[in-house]
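Everything on this sheet refers to the single structure shown next.
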Amino acid sequence: MSASSVNIPAQFEVVDQPLDTQMTISMGPQHPSTHGVLRLELVLDGEMVVKCTPDIGYLHTGMEKLFEYKKYQQGIVITDRMDYLNPLGNNLCYVMAVEKLLGLEIPERAQVIRVLMCELQRIASHMVWLGTHALDIGAMTVFFYAFREREKILNLIEAASGGRLTPSYFRIGGLMMDLPAGFERRAQQFIDKFPKAVDEFETLLSGNTIFQTRTQGVGIITADDAIDMGVTGPCLRGSGVAVDVRRTNPYTGYETYDFEVPVEQSCDVWGRYLVRMRELRESLKIARQALGRLKPGPVKADAPKVVLPDREAMKTHMDALIHHFLIVAEGFNVPAGEIYHPIEGSKGELGCYVRSDGGPKPSRVHFRGPSFVNLSALPHMAEGEMVADVVAIIGSLDIVLGEIDR
Amino acid sequence: MSKDIEREQAIAEAAASEPLQDQATQLINALQSTHAEAVSDVIQAFGEITVVVPRERIVELCEYLKTTPEFAFNLLADICGVDRGPEEDPRFEVNYHLFSTTKFHRLRLKVVVSEEDASVPTVTNVWRTANWHERETFDMFGVRFDGHPDLRRILLPDDWQGHALRKDFPLRGYEPYSLS
């Protein structure tokens, strides 16, 4: 019996059909390299990305609405859950905006601890970026090395605040509490050992030919385009623009610290990688200086109507007890006005807009998430690249969907 | 207790009478003289400058602030909507937070619109980053941006009813939302 005489249904015929049309595929929302629930609608011509449309909102939880129903101090815990890799940065941004409205003076020790913790958090956030970025490109080992280091920082944050991912350590008027005994020694240990770990990462990736080939010349965005599209943070510095909010609009005393703003001119994924690797060392430098500046002193502002009293004072002093009751039960009134406070988060300019009507609850809180704006530049970088490069570009943007969707 | 009251008064006074840096004052004066009809009001508070702009003039003023070398506001940091409450008129505000990557100064532009005619001309032709910010403001407040290339909802589903950040939108929504 010859093959041609067998009646095969048409759809099982093996024929060469050139793919001459464009194909639309959905990347995500459950794709592991989209770092959360991001969906990209990709129009492909072969392996080439013709059009890329991000679809966001899967993680929208109405945080900005929720702020309006919470007292000012209750809002801090919501900020933890936005950019969950950089919660202390979110805390700082929010509490500093409210402190500006209140006109609070923050004691020196609290400021130094804020800088120290924020820089440690920045390193932890960059560790997640490094691990997952390398993992997406195919280098699995880096992931374990990076998370090993991140674990040490999370232990430090846990020692100080009691929380690992959601510390809520910074409060309006200062800190939740002072650093625990032995913290400085442990932080010093980490800071002394970490440069060796960065060297390790660099031996794994910086000289790695596969990594270089996958990242160099990929996801180009020029400085003009980056500024026009609102890109900030390491992504902007990877395009050769030396803008860092810690330097341009200093807060919590960053103007007194000695650090460099790393800049790369290559405008590609590789440039953004190099910027973040150098930032690790700069953050460490700031953290070391902050640790050296720690002097005993108060960690809460002298504002009894805003800052919760000490436990001991509350048990022995009538007015402290009254203040405690009022703050917890009714909150405190914030003078009417509006503030936009920008800080340098681990991913770019993190801005917090707070508007007060004079009551104990904000009338509007809005967060300018760097991930949100950086992601909006993704189509510009990804169109014209291969579909595998999209994974590398998303990794280099370092997005967190919790902050994008809010 | 009295210490706190004194402090609050001091803050209110400081916020009201806070002198701006000379350079910033000069720039704002220059802006007021060249674009008198585009500057309805200048508010100085908490160390920030807010310029209230009639909505017909917003695109023109943004273009001017971006291209003039003394201002050089080349980066639009943020657009955020505000609902003052259903009883207020004009009800909505749109705040533009501008930043300059060469001069490092910041400025807030404010456009106020009423509920009946909640629309503002788009600034996507000035800064491309305005695209998503305006979509978010439309999604959350229902403020339309005329001339926007792709004015769709961005965070909430396309068939969502209402605008979630309006003050009269209940916290838990009107009814449980289902994707089916």
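All residue names refer to the structure tokens as shown: chains lettered A, B, ... in order, residues numbered from 1 in each chain, ligands numbered from 1 in order.
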> Would you list which chain A residues are within 6 Å of chain B using only C-alpha atoms, as a list in words?
Replying inline: Gly57, Lys65, Ile227, Asp228, Met229, Gly230 and Thr248 of chain A
Would you output that residue set with C-alpha atoms, as an mmCIF file, in the first residue's frame?
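Writing the result to again17.cif gives the following:
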```cif
data_model
loop_
_atom_site.group_PDB
_atom_site.id
_atom_site.type_symbol
_atom_site.label_atom_id
_atom_site.label_comp_id
_atom_site.auth_asym_id
_atom_site.auth_seq_id
_atom_site.Cartn_x
_atom_site.Cartn_y
_atom_site.Cartn_z
ATOM 1 C CA GLY A 57 -2.589 46.019 36.856
ATOM 2 C CA LYS A 65 -7.193 54.606 48.052
ATOM 3 C CA ILE A 227 15.083 61.562 29.945
ATOM 4 C CA ASP A 228 12.112 62.071 27.644
ATOM 5 C CA MET A 229 10.594 58.806 28.824
ATOM 6 C CA GLY A 230 11.161 59.663 32.471
ATOM 7 C CA THR A 248 20.869 66.513 43.204
#
```
> Quick one: residues within 12 Å of A:Pro180, only C-alpha atoms counted, chain neighbours fewer than 4 positions away excluded, as a list in words?
Replying inline: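 Once the nearby chain positions are removed, what remains is Ile113, Leu156, Ile157, Glu158, Ala159, Ala160, Ser161, Gly162, Met176, Glu184, Arg185, Arg186 and Ala187 of chain A.
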> How many Å separate atom CA of B:Ser40 from atom CA of B:Pro54?
Replying inline: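 So the two atoms, atom CA of B:Ser40 and atom CA of B:Pro54, lie 6.7 Å apart.
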> At what distance in Å, to one decimal, does atom CA of A:Met177 lie from atom CA of A:Gly297?
Replying inline: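 Straight-line distance from atom CA of A:Gly297 to atom CA of A:Met177 works out to 11.9 Å.
Distances to A:Pro250 were evaluated for A:Val115, A:Leu88, A:Ile78, A:Val400 using only C-alpha atoms, and the minimum falls at A:Val115.
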>> I'd like the contact shell of stretch 27-33 of chain A - 10 Å cut-off, only C-alpha atoms, skipping same-chain residues fewer than 2 positions apart - returned as a list in words.
In response: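 Counting only the stated atoms, we get Thr24, Ile25, His35, Gly36, Val37, Leu38, Arg39, Leu40, Glu41, Leu42, Cys52, Pro54, Asp55, Ile56, Tyr58, Thr132, His133, Leu135, Asp136, Ile137, Val387, Val390, Val391, Ala392, Ile394 and Gly395 of chain A.
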>> Quick check, in Å to one decimal: how far apart do atom CA of A:Pro335 and atom CA of A:Ile76 lie?
In response: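 Atom CA of A:Ile76 lies 18.5 Å from atom CA of A:Pro335.
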> In terms of the shortest atom-to-atom distance over only C-alpha atoms, which of B:Val52, B:Asn125, B:Glu70, B:Ala24 is closest to B:Glu93?
Replying inline: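 Looking at the shortest contact to B:Glu93, the residue is B:Val52.
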>> Residues of stretch 99-229 of chain A classed as alpha helix (DSSP H) by DSSP on the backbone are to be reported as a VMD selection string.
In response: chain A and resid 99 to 102 108 to 137 141 to 161 183 to 205 209 to 215 223 to 228
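Nearest residue to A:Asn249, choosing from A:Gly359, A:Gln111, A:Glu349, A:Gln74 and counting only C-alpha atoms: A:Glu349.
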